[in-house]
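Remarks on the structure that follows.
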Amino acid sequence: MRRLPLTRAIATFGYIGLVPVAAGTAGSVAALVVGYLLHRAGGFPLLAGATIAAYGLGYWAARAETFEQDDLDPGHIVIDEVVGMWIALMPLSFGLWHVGAPAALFPWPGWVSGFLLFRLFDIWKPWPVSWADRRPGPTGVMLDDVLAGLMAALVVTLMAAVAHGWLA
């Protein structure tokens, strides 16, 4: 499998992954901004569709970028953080879209919580994130961040349920 400029651009999310320090955090911040713009442009359906597309393209790009490499999850690959971050934002995006809230509304507690929780689970790697991280090839690159994003989304949903009195 040959590396192409396109696979590098996708894997690094427009070369953001090439920043010299904290590439994963930089990719997550960029994903947060783009996730907001996607929500604003098309609500939850656009964010969900973009997440699915980013996963597919990210898998392909990660496969090319890690082919015949010793490091199976190089730090410059941040498309996995993008997918995980967008998954973490889905409860917020879905809730706003479902109730017909203005697309520009993206309350800070939701996105800040999603960002912090995603980064926590991505760095800490509790099970099953740690299990997925040990998978070889692009599966391991992508799946650990998908699971970290799902865990963050679950906690964000529980926090919203408590904050809005849904569990009372």
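FYI, nothing fancy with the structure tokens labels: chains A, B, ... in order, residues from 1 per chain, ligands from 1 as they appear.
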Problem - 7 Å contact set for region 18-32 of chain A, only C-alpha atoms, chain neighbours under 4 positions out, as a ChimeraX atom specification - result: /A:12,36,75-76,78,81-82,85-86
Practice task
Can you pull out every residue within 9 Å of region 51-56 of chain A, counting only C-alpha atoms, but drop anything in the same chain fewer than 3 positions away, and send it as a PyMOL selection string?
Solution key: chain A and resi 10+46-48+59-61+79-80+82-84+86-87+142+146
Problem - Residue with smallest distance to Trp97 (chain A) - pool A:Ala41, A:Leu117, A:Val112, A:Ala11, counting only C-alpha atoms - result: A:Ala41
Problem - Atom pair CA of Gly58 (chain A) / CA of Val155 (chain A): separation (Å) - result: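 Computing the Euclidean distance for CA of Gly58 (chain A) and CA of Val155 (chain A) yields 25.1 Å.
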Problem - Members of region 55-113 of chain A assigned alpha helix (DSSP H) by DSSP, as a VMD selection string - result: chain A and resid 55 to 66 79 to 98 108 to 113
Take the residues from that selection and put them in a file with N, CA and C atoms, as a JSON list (two decimals), in the first residue's frame.
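Output file out29.json is given in full below:
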```
[["chain", "number", "residue", "atom", "x", "y", "z"],
["A", 55, "TYR", "N", -14.74, 8.20, 9.66],
["A", 55, "TYR", "CA", -14.26, 6.88, 10.09],
["A", 55, "TYR", "C", -13.76, 6.07, 8.89],
["A", 56, "GLY", "N", -14.57, 6.01, 7.84],
["A", 56, "GLY", "CA", -14.16, 5.25, 6.65],
["A", 56, "GLY", "C", -12.89, 5.78, 6.01],
["A", 57, "LEU", "N", -12.85, 7.09, 5.81],
["A", 57, "LEU", "CA", -11.65, 7.71, 5.23],
["A", 57, "LEU", "C", -10.46, 7.58, 6.18],
["A", 58, "GLY", "N", -10.71, 7.72, 7.48],
["A", 58, "GLY", "CA", -9.64, 7.60, 8.46],
["A", 58, "GLY", "C", -9.06, 6.21, 8.50],
["A", 59, "TYR", "N", -9.90, 5.21, 8.41],
["A", 59, "TYR", "CA", -9.42, 3.82, 8.38],
["A", 59, "TYR", "C", -8.51, 3.60, 7.18],
["A", 60, "TRP", "N", -8.96, 4.06, 6.02],
["A", 60, "TRP", "CA", -8.17, 3.93, 4.79],
["A", 60, "TRP", "C", -6.84, 4.67, 4.91],
["A", 61, "ALA", "N", -6.89, 5.90, 5.41],
["A", 61, "ALA", "CA", -5.67, 6.70, 5.53],
["A", 61, "ALA", "C", -4.73, 6.13, 6.59],
["A", 62, "ALA", "N", -5.27, 5.66, 7.71],
["A", 62, "ALA", "CA", -4.43, 5.06, 8.76],
["A", 62, "ALA", "C", -3.78, 3.78, 8.26],
["A", 63, "ARG", "N", -4.50, 3.04, 7.46],
["A", 63, "ARG", "CA", -3.92, 1.82, 6.88],
["A", 63, "ARG", "C", -2.73, 2.16, 6.00],
["A", 64, "ALA", "N", -2.88, 3.18, 5.17],
["A", 64, "ALA", "CA", -1.79, 3.58, 4.30],
["A", 64, "ALA", "C", -0.62, 4.16, 5.10],
["A", 65, "GLU", "N", -0.92, 4.97, 6.09],
["A", 65, "GLU", "CA", 0.12, 5.66, 6.86],
["A", 65, "GLU", "C", 0.90, 4.72, 7.79],
["A", 66, "THR", "N", 0.29, 3.59, 8.18],
["A", 66, "THR", "CA", 0.97, 2.67, 9.09],
["A", 66, "THR", "C", 1.50, 1.44, 8.38],
["A", 79, "ILE", "N", -6.95, 11.72, 12.81],
["A", 79, "ILE", "CA", -8.31, 11.54, 12.31],
["A", 79, "ILE", "C", -9.12, 10.68, 13.27],
["A", 80, "ASP", "N", -8.44, 9.80, 14.01],
["A", 80, "ASP", "CA", -9.13, 9.00, 15.01],
["A", 80, "ASP", "C", -9.65, 9.87, 16.16],
["A", 81, "GLU", "N", -8.89, 10.89, 16.55],
["A", 81, "GLU", "CA", -9.38, 11.83, 17.56],
["A", 81, "GLU", "C", -10.58, 12.62, 17.04],
["A", 82, "VAL", "N", -10.56, 12.94, 15.77],
["A", 82, "VAL", "CA", -11.69, 13.68, 15.16],
["A", 82, "VAL", "C", -12.96, 12.84, 15.27],
["A", 83, "VAL", "N", -12.88, 11.59, 14.89],
["A", 83, "VAL", "CA", -14.04, 10.70, 14.95],
["A", 83, "VAL", "C", -14.53, 10.56, 16.39],
["A", 84, "GLY", "N", -13.61, 10.31, 17.31],
["A", 84, "GLY", "CA", -13.98, 10.16, 18.71],
["A", 84, "GLY", "C", -14.60, 11.42, 19.29],
["A", 85, "MET", "N", -14.03, 12.56, 18.95],
["A", 85, "MET", "CA", -14.56, 13.84, 19.45],
["A", 85, "MET", "C", -15.96, 14.08, 18.91],
["A", 86, "TRP", "N", -16.17, 13.81, 17.63],
["A", 86, "TRP", "CA", -17.51, 14.00, 17.05],
["A", 86, "TRP", "C", -18.52, 13.07, 17.69],
["A", 87, "ILE", "N", -18.12, 11.84, 18.03],
["A", 87, "ILE", "CA", -19.02, 10.93, 18.73],
["A", 87, "ILE", "C", -19.37, 11.51, 20.10],
["A", 88, "ALA", "N", -18.38, 12.07, 20.79],
["A", 88, "ALA", "CA", -18.62, 12.67, 22.10],
["A", 88, "ALA", "C", -19.59, 13.84, 22.01],
["A", 89, "LEU", "N", -19.63, 14.54, 20.88],
["A", 89, "LEU", "CA", -20.54, 15.68, 20.69],
["A", 89, "LEU", "C", -21.94, 15.28, 20.26],
["A", 90, "MET", "N", -22.12, 14.03, 19.87],
["A", 90, "MET", "CA", -23.42, 13.61, 19.31],
["A", 90, "MET", "C", -24.59, 13.77, 20.26],
["A", 91, "PRO", "N", -24.48, 13.47, 21.56],
["A", 91, "PRO", "CA", -25.65, 13.68, 22.42],
["A", 91, "PRO", "C", -26.10, 15.15, 22.43],
["A", 92, "LEU", "N", -25.15, 16.05, 22.48],
["A", 92, "LEU", "CA", -25.47, 17.48, 22.46],
["A", 92, "LEU", "C", -26.12, 17.86, 21.13],
["A", 93, "SER", "N", -25.51, 17.45, 20.03],
["A", 93, "SER", "CA", -26.03, 17.77, 18.72],
["A", 93, "SER", "C", -27.41, 17.16, 18.51],
["A", 94, "PHE", "N", -27.57, 15.89, 18.90],
["A", 94, "PHE", "CA", -28.86, 15.23, 18.73],
["A", 94, "PHE", "C", -29.94, 15.91, 19.56],
["A", 95, "GLY", "N", -29.62, 16.20, 20.82],
["A", 95, "GLY", "CA", -30.61, 16.84, 21.69],
["A", 95, "GLY", "C", -31.08, 18.17, 21.15],
["A", 96, "LEU", "N", -30.14, 18.99, 20.71],
["A", 96, "LEU", "CA", -30.50, 20.30, 20.16],
["A", 96, "LEU", "C", -31.32, 20.16, 18.88],
["A", 97, "TRP", "N", -30.90, 19.26, 18.01],
["A", 97, "TRP", "CA", -31.59, 19.03, 16.74],
["A", 97, "TRP", "C", -32.99, 18.46, 17.00],
["A", 98, "HIS", "N", -33.10, 17.52, 17.94],
["A", 98, "HIS", "CA", -34.36, 16.86, 18.24],
["A", 98, "HIS", "C", -35.43, 17.85, 18.74],
["A", 108, "TRP", "N", -22.09, 25.72, 26.21],
["A", 108, "TRP", "CA", -20.72, 25.38, 26.59],
["A", 108, "TRP", "C", -20.61, 24.21, 27.56],
["A", 109, "PRO", "N", -21.52, 23.98, 28.49],
["A", 109, "PRO", "CA", -21.29, 22.82, 29.37],
["A", 109, "PRO", "C", -21.23, 21.50, 28.59],
["A", 110, "GLY", "N", -22.03, 21.38, 27.55],
["A", 110, "GLY", "CA", -22.06, 20.15, 26.76],
["A", 110, "GLY", "C", -20.78, 19.93, 25.98],
["A", 111, "TRP", "N", -20.33, 20.94, 25.27],
["A", 111, "TRP", "CA", -19.14, 20.72, 24.45],
["A", 111, "TRP", "C", -17.87, 20.69, 25.27],
["A", 112, "VAL", "N", -17.81, 21.47, 26.35],
["A", 112, "VAL", "CA", -16.63, 21.42, 27.22],
["A", 112, "VAL", "C", -16.56, 20.05, 27.89],
["A", 113, "SER", "N", -17.68, 19.56, 28.40],
["A", 113, "SER", "CA", -17.71, 18.24, 29.02],
["A", 113, "SER", "C", -17.33, 17.15, 28.02]]
```
Do a neighbour search on region 124-130 of chain A at 10 Å with only C-alpha atoms, toss out local chain neighbours closer than 2 positions, and write the hits as a PDB file with all heavy atoms, in the first residue's frame.
```pdb
ATOM      1  N   PHE A 118     -13.737  13.132  26.575  1.00  0.00           N
ATOM      2  CA  PHE A 118     -13.099  12.389  25.487  1.00  0.00           C
ATOM      3  C   PHE A 118     -11.589  12.339  25.685  1.00  0.00           C
ATOM      4  O   PHE A 118     -10.974  11.284  25.577  1.00  0.00           O
ATOM      5  CB  PHE A 118     -13.435  12.985  24.108  1.00  0.00           C
ATOM      6  CG  PHE A 118     -12.594  12.368  23.028  1.00  0.00           C
ATOM      7  CD1 PHE A 118     -12.783  11.050  22.661  1.00  0.00           C
ATOM      8  CD2 PHE A 118     -11.577  13.094  22.425  1.00  0.00           C
ATOM      9  CE1 PHE A 118     -11.972  10.449  21.699  1.00  0.00           C
ATOM     10  CE2 PHE A 118     -10.773  12.512  21.460  1.00  0.00           C
ATOM     11  CZ  PHE A 118     -10.971  11.189  21.089  1.00  0.00           C
ATOM     12  N   ARG A 119     -10.975  13.481  25.988  1.00  0.00           N
ATOM     13  CA  ARG A 119      -9.518  13.494  26.197  1.00  0.00           C
ATOM     14  C   ARG A 119      -9.135  12.619  27.386  1.00  0.00           C
ATOM     15  O   ARG A 119      -8.141  11.908  27.351  1.00  0.00           O
ATOM     16  CB  ARG A 119      -8.997  14.921  26.392  1.00  0.00           C
ATOM     17  CG  ARG A 119      -9.068  15.795  25.150  1.00  0.00           C
ATOM     18  CD  ARG A 119      -8.416  15.177  23.919  1.00  0.00           C
ATOM     19  NE  ARG A 119      -6.983  14.996  24.111  1.00  0.00           N
ATOM     20  CZ  ARG A 119      -6.267  14.027  23.540  1.00  0.00           C
ATOM     21  NH1 ARG A 119      -6.840  13.154  22.744  1.00  0.00           N
ATOM     22  NH2 ARG A 119      -4.985  13.934  23.760  1.00  0.00           N
ATOM     23  N   LEU A 120      -9.924  12.663  28.462  1.00  0.00           N
ATOM     24  CA  LEU A 120      -9.652  11.826  29.628  1.00  0.00           C
ATOM     25  C   LEU A 120      -9.652  10.346  29.248  1.00  0.00           C
ATOM     26  O   LEU A 120      -8.698   9.620  29.550  1.00  0.00           O
ATOM     27  CB  LEU A 120     -10.705  12.081  30.723  1.00  0.00           C
ATOM     28  CG  LEU A 120     -10.624  11.137  31.927  1.00  0.00           C
ATOM     29  CD1 LEU A 120      -9.387  11.438  32.762  1.00  0.00           C
ATOM     30  CD2 LEU A 120     -11.887  11.237  32.765  1.00  0.00           C
ATOM     31  N   PHE A 121     -10.714   9.886  28.586  1.00  0.00           N
ATOM     32  CA  PHE A 121     -10.810   8.473  28.227  1.00  0.00           C
ATOM     33  C   PHE A 121      -9.777   8.085  27.171  1.00  0.00           C
ATOM     34  O   PHE A 121      -9.276   6.957  27.178  1.00  0.00           O
ATOM     35  CB  PHE A 121     -12.222   8.128  27.754  1.00  0.00           C
ATOM     36  CG  PHE A 121     -13.264   8.241  28.828  1.00  0.00           C
ATOM     37  CD1 PHE A 121     -14.473   8.860  28.567  1.00  0.00           C
ATOM     38  CD2 PHE A 121     -13.035   7.747  30.095  1.00  0.00           C
ATOM     39  CE1 PHE A 121     -15.445   8.971  29.558  1.00  0.00           C
ATOM     40  CE2 PHE A 121     -13.996   7.848  31.098  1.00  0.00           C
ATOM     41  CZ  PHE A 121     -15.209   8.456  30.826  1.00  0.00           C
ATOM     42  N   ASP A 122      -9.434   8.995  26.278  1.00  0.00           N
ATOM     43  CA  ASP A 122      -8.442   8.711  25.242  1.00  0.00           C
ATOM     44  C   ASP A 122      -7.038   8.588  25.842  1.00  0.00           C
ATOM     45  O   ASP A 122      -6.249   7.751  25.412  1.00  0.00           O
ATOM     46  CB  ASP A 122      -8.475   9.806  24.167  1.00  0.00           C
ATOM     47  CG  ASP A 122      -7.589   9.487  22.984  1.00  0.00           C
ATOM     48  OD1 ASP A 122      -7.404   8.292  22.658  1.00  0.00           O
ATOM     49  OD2 ASP A 122      -7.069  10.437  22.373  1.00  0.00           O
ATOM     50  N   ALA A 132      -9.009  -2.036  22.781  1.00  0.00           N
ATOM     51  CA  ALA A 132      -9.034  -1.626  21.371  1.00  0.00           C
ATOM     52  C   ALA A 132      -7.689  -1.049  20.945  1.00  0.00           C
ATOM     53  O   ALA A 132      -7.254  -1.262  19.809  1.00  0.00           O
ATOM     54  CB  ALA A 132     -10.146  -0.608  21.135  1.00  0.00           C
ATOM     55  N   ASP A 133      -7.029  -0.348  21.843  1.00  0.00           N
ATOM     56  CA  ASP A 133      -5.734   0.261  21.535  1.00  0.00           C
ATOM     57  C   ASP A 133      -4.678  -0.787  21.190  1.00  0.00           C
ATOM     58  O   ASP A 133      -3.739  -0.497  20.459  1.00  0.00           O
ATOM     59  CB  ASP A 133      -5.278   1.107  22.733  1.00  0.00           C
ATOM     60  CG  ASP A 133      -4.064   1.935  22.422  1.00  0.00           C
ATOM     61  OD1 ASP A 133      -4.084   2.673  21.412  1.00  0.00           O
ATOM     62  OD2 ASP A 133      -3.079   1.860  23.194  1.00  0.00           O
ATOM     63  N   ARG A 134      -4.843  -1.992  21.685  1.00  0.00           N
ATOM     64  CA  ARG A 134      -3.875  -3.068  21.415  1.00  0.00           C
ATOM     65  C   ARG A 134      -4.148  -3.805  20.111  1.00  0.00           C
ATOM     66  O   ARG A 134      -3.371  -4.667  19.716  1.00  0.00           O
ATOM     67  CB  ARG A 134      -3.839  -4.053  22.582  1.00  0.00           C
ATOM     68  CG  ARG A 134      -3.266  -3.452  23.847  1.00  0.00           C
ATOM     69  CD  ARG A 134      -3.031  -4.503  24.924  1.00  0.00           C
ATOM     70  NE  ARG A 134      -4.247  -5.193  25.330  1.00  0.00           N
ATOM     71  CZ  ARG A 134      -5.085  -4.776  26.283  1.00  0.00           C
ATOM     72  NH1 ARG A 134      -4.839  -3.653  26.933  1.00  0.00           N
ATOM     73  NH2 ARG A 134      -6.150  -5.488  26.594  1.00  0.00           N
ATOM     74  N   ARG A 135      -5.251  -3.493  19.432  1.00  0.00           N
ATOM     75  CA  ARG A 135      -5.554  -4.147  18.151  1.00  0.00           C
ATOM     76  C   ARG A 135      -4.547  -3.655  17.124  1.00  0.00           C
ATOM     77  O   ARG A 135      -4.202  -2.474  17.083  1.00  0.00           O
ATOM     78  CB  ARG A 135      -6.960  -3.826  17.638  1.00  0.00           C
ATOM     79  CG  ARG A 135      -8.121  -4.163  18.544  1.00  0.00           C
ATOM     80  CD  ARG A 135      -8.236  -5.629  18.880  1.00  0.00           C
ATOM     81  NE  ARG A 135      -7.569  -5.792  20.158  1.00  0.00           N
ATOM     82  CZ  ARG A 135      -7.181  -6.912  20.734  1.00  0.00           C
ATOM     83  NH1 ARG A 135      -7.385  -8.051  20.167  1.00  0.00           N
ATOM     84  NH2 ARG A 135      -6.568  -6.947  21.877  1.00  0.00           N
ATOM     85  N   GLY A 140      -6.957  -0.790  15.423  1.00  0.00           N
ATOM     86  CA  GLY A 140      -6.526  -0.266  16.715  1.00  0.00           C
ATOM     87  C   GLY A 140      -6.421   1.244  16.724  1.00  0.00           C
ATOM     88  O   GLY A 140      -6.772   1.900  17.718  1.00  0.00           O
ATOM     89  N   LEU A 143     -10.372   2.369  16.521  1.00  0.00           N
ATOM     90  CA  LEU A 143     -11.363   1.846  17.452  1.00  0.00           C
ATOM     91  C   LEU A 143     -11.208   2.371  18.875  1.00  0.00           C
ATOM     92  O   LEU A 143     -12.206   2.609  19.556  1.00  0.00           O
ATOM     93  CB  LEU A 143     -11.341   0.313  17.448  1.00  0.00           C
ATOM     94  CG  LEU A 143     -12.445  -0.379  18.238  1.00  0.00           C
ATOM     95  CD1 LEU A 143     -13.828   0.038  17.753  1.00  0.00           C
ATOM     96  CD2 LEU A 143     -12.280  -1.891  18.146  1.00  0.00           C
ATOM     97  N   ASP A 144      -9.980   2.575  19.340  1.00  0.00           N
ATOM     98  CA  ASP A 144      -9.831   3.064  20.717  1.00  0.00           C
ATOM     99  C   ASP A 144     -10.461   4.445  20.883  1.00  0.00           C
ATOM    100  O   ASP A 144     -11.089   4.735  21.900  1.00  0.00           O
ATOM    101  CB  ASP A 144      -8.370   3.042  21.181  1.00  0.00           C
ATOM    102  CG  ASP A 144      -7.479   4.041  20.483  1.00  0.00           C
ATOM    103  OD1 ASP A 144      -7.579   4.180  19.246  1.00  0.00           O
ATOM    104  OD2 ASP A 144      -6.664   4.694  21.169  1.00  0.00           O
ATOM    105  N   ASP A 145     -10.345   5.284  19.865  1.00  0.00           N
ATOM    106  CA  ASP A 145     -10.942   6.623  19.949  1.00  0.00           C
ATOM    107  C   ASP A 145     -12.457   6.579  19.772  1.00  0.00           C
ATOM    108  O   ASP A 145     -13.169   7.398  20.368  1.00  0.00           O
ATOM    109  CB  ASP A 145     -10.288   7.555  18.936  1.00  0.00           C
ATOM    110  CG  ASP A 145      -8.858   7.845  19.326  1.00  0.00           C
ATOM    111  OD1 ASP A 145      -8.652   8.741  20.152  1.00  0.00           O
ATOM    112  OD2 ASP A 145      -7.947   7.153  18.831  1.00  0.00           O
ATOM    113  N   VAL A 146     -12.951   5.643  18.978  1.00  0.00           N
ATOM    114  CA  VAL A 146     -14.400   5.457  18.865  1.00  0.00           C
ATOM    115  C   VAL A 146     -14.964   5.086  20.235  1.00  0.00           C
ATOM    116  O   VAL A 146     -15.964   5.664  20.688  1.00  0.00           O
ATOM    117  CB  VAL A 146     -14.750   4.381  17.809  1.00  0.00           C
ATOM    118  CG1 VAL A 146     -16.203   3.948  17.917  1.00  0.00           C
ATOM    119  CG2 VAL A 146     -14.443   4.885  16.407  1.00  0.00           C
ATOM    120  N   LEU A 147     -14.310   4.164  20.917  1.00  0.00           N
ATOM    121  CA  LEU A 147     -14.789   3.741  22.235  1.00  0.00           C
ATOM    122  C   LEU A 147     -14.645   4.857  23.269  1.00  0.00           C
ATOM    123  O   LEU A 147     -15.527   5.040  24.112  1.00  0.00           O
ATOM    124  CB  LEU A 147     -14.062   2.469  22.679  1.00  0.00           C
ATOM    125  CG  LEU A 147     -14.396   1.228  21.854  1.00  0.00           C
ATOM    126  CD1 LEU A 147     -13.535   0.050  22.283  1.00  0.00           C
ATOM    127  CD2 LEU A 147     -15.870   0.881  21.940  1.00  0.00           C
ATOM    128  N   ALA A 148     -13.540   5.609  23.217  1.00  0.00           N
ATOM    129  CA  ALA A 148     -13.388   6.756  24.130  1.00  0.00           C
ATOM    130  C   ALA A 148     -14.490   7.784  23.864  1.00  0.00           C
ATOM    131  O   ALA A 148     -15.045   8.363  24.804  1.00  0.00           O
ATOM    132  CB  ALA A 148     -12.006   7.394  23.963  1.00  0.00           C
ATOM    133  N   GLY A 149     -14.829   7.995  22.601  1.00  0.00           N
ATOM    134  CA  GLY A 149     -15.910   8.914  22.250  1.00  0.00           C
ATOM    135  C   GLY A 149     -17.263   8.413  22.734  1.00  0.00           C
ATOM    136  O   GLY A 149     -18.083   9.189  23.233  1.00  0.00           O
ATOM    137  N   LEU A 150     -17.510   7.111  22.609  1.00  0.00           N
ATOM    138  CA  LEU A 150     -18.771   6.539  23.092  1.00  0.00           C
ATOM    139  C   LEU A 150     -18.880   6.658  24.610  1.00  0.00           C
ATOM    140  O   LEU A 150     -19.955   6.974  25.136  1.00  0.00           O
ATOM    141  CB  LEU A 150     -18.891   5.071  22.671  1.00  0.00           C
ATOM    142  CG  LEU A 150     -19.184   4.828  21.195  1.00  0.00           C
ATOM    143  CD1 LEU A 150     -19.038   3.347  20.854  1.00  0.00           C
ATOM    144  CD2 LEU A 150     -20.573   5.326  20.828  1.00  0.00           C
ATOM    145  N   MET A 151     -17.775   6.419  25.311  1.00  0.00           N
ATOM    146  CA  MET A 151     -17.787   6.560  26.767  1.00  0.00           C
ATOM    147  C   MET A 151     -18.054   8.010  27.161  1.00  0.00           C
ATOM    148  O   MET A 151     -18.843   8.276  28.073  1.00  0.00           O
ATOM    149  CB  MET A 151     -16.467   6.065  27.359  1.00  0.00           C
ATOM    150  CG  MET A 151     -16.290   4.557  27.227  1.00  0.00           C
ATOM    151  SD  MET A 151     -14.677   3.986  27.770  1.00  0.00           S
ATOM    152  CE  MET A 151     -14.862   4.146  29.548  1.00  0.00           C
TER     153      MET A 151
END
```
Mind dumping a table of every region 15-53 of chain A residue within 10 Å of region 103-107 of chain A, with the nearest atom pair and its distance in Å to one decimal, using only C-alpha atoms, sorted by chain and rising number, as CSV?
```
residue,atom,partner,partner_atom,distance
A:Tyr36,CA,A:Phe106,CA,7.4
A:Leu37,CA,A:Ala104,CA,8.8
A:Leu38,CA,A:Ala103,CA,9.6
A:His39,CA,A:Ala103,CA,6.6
A:Arg40,CA,A:Ala103,CA,4.6
A:Ala41,CA,A:Ala103,CA,7.4
A:Gly42,CA,A:Ala103,CA,7.8
A:Gly43,CA,A:Ala103,CA,6.4
A:Phe44,CA,A:Ala103,CA,9.5
```
Would you save the residues from that selection as a JSON list (two decimals), in the first residue's frame, using N, CA, C and O atoms?
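For reference, selection_13.json as written:
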```
[["chain", "number", "residue", "atom", "x", "y", "z"],
["A", 36, "TYR", "N", -18.73, 21.75, 15.61],
["A", 36, "TYR", "CA", -19.70, 22.85, 15.81],
["A", 36, "TYR", "C", -20.18, 23.38, 14.47],
["A", 36, "TYR", "O", -21.37, 23.60, 14.26],
["A", 37, "LEU", "N", -19.24, 23.59, 13.54],
["A", 37, "LEU", "CA", -19.61, 24.11, 12.22],
["A", 37, "LEU", "C", -20.50, 23.13, 11.47],
["A", 37, "LEU", "O", -21.45, 23.55, 10.79],
["A", 38, "LEU", "N", -20.23, 21.84, 11.59],
["A", 38, "LEU", "CA", -21.09, 20.84, 10.95],
["A", 38, "LEU", "C", -22.49, 20.87, 11.56],
["A", 38, "LEU", "O", -23.49, 20.84, 10.84],
["A", 39, "HIS", "N", -22.55, 20.94, 12.89],
["A", 39, "HIS", "CA", -23.86, 21.01, 13.55],
["A", 39, "HIS", "C", -24.61, 22.26, 13.11],
["A", 39, "HIS", "O", -25.81, 22.21, 12.81],
["A", 40, "ARG", "N", -23.91, 23.36, 13.06],
["A", 40, "ARG", "CA", -24.54, 24.62, 12.67],
["A", 40, "ARG", "C", -25.04, 24.56, 11.22],
["A", 40, "ARG", "O", -26.10, 25.11, 10.89],
["A", 41, "ALA", "N", -24.29, 23.90, 10.36],
["A", 41, "ALA", "CA", -24.65, 23.83, 8.94],
["A", 41, "ALA", "C", -25.78, 22.84, 8.65],
["A", 41, "ALA", "O", -26.58, 23.07, 7.74],
["A", 42, "GLY", "N", -25.85, 21.74, 9.43],
["A", 42, "GLY", "CA", -26.85, 20.73, 9.08],
["A", 42, "GLY", "C", -27.37, 19.93, 10.25],
["A", 42, "GLY", "O", -28.01, 18.89, 10.05],
["A", 43, "GLY", "N", -27.11, 20.38, 11.45],
["A", 43, "GLY", "CA", -27.62, 19.69, 12.64],
["A", 43, "GLY", "C", -27.01, 18.30, 12.82],
["A", 43, "GLY", "O", -25.98, 17.96, 12.24],
["A", 44, "PHE", "N", -27.69, 17.52, 13.61],
["A", 44, "PHE", "CA", -27.22, 16.18, 13.93],
["A", 44, "PHE", "C", -27.02, 15.30, 12.69],
["A", 44, "PHE", "O", -26.03, 14.57, 12.62]]
```
Practice task
Kindly give the distance, in Å, that separates CA of Val33 (chain A) and CA of Gly17 (chain A), rounded to a single decimal.
Solution key: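 So the two atoms, CA of Val33 (chain A) and CA of Gly17 (chain A), lie 15.1 Å apart.
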Exercise for the section: Tell me, in Å to one decimal, how far CA of Gly137 (chain A) is from CA of Leu4 (chain A). Expected result: 17.5 Å
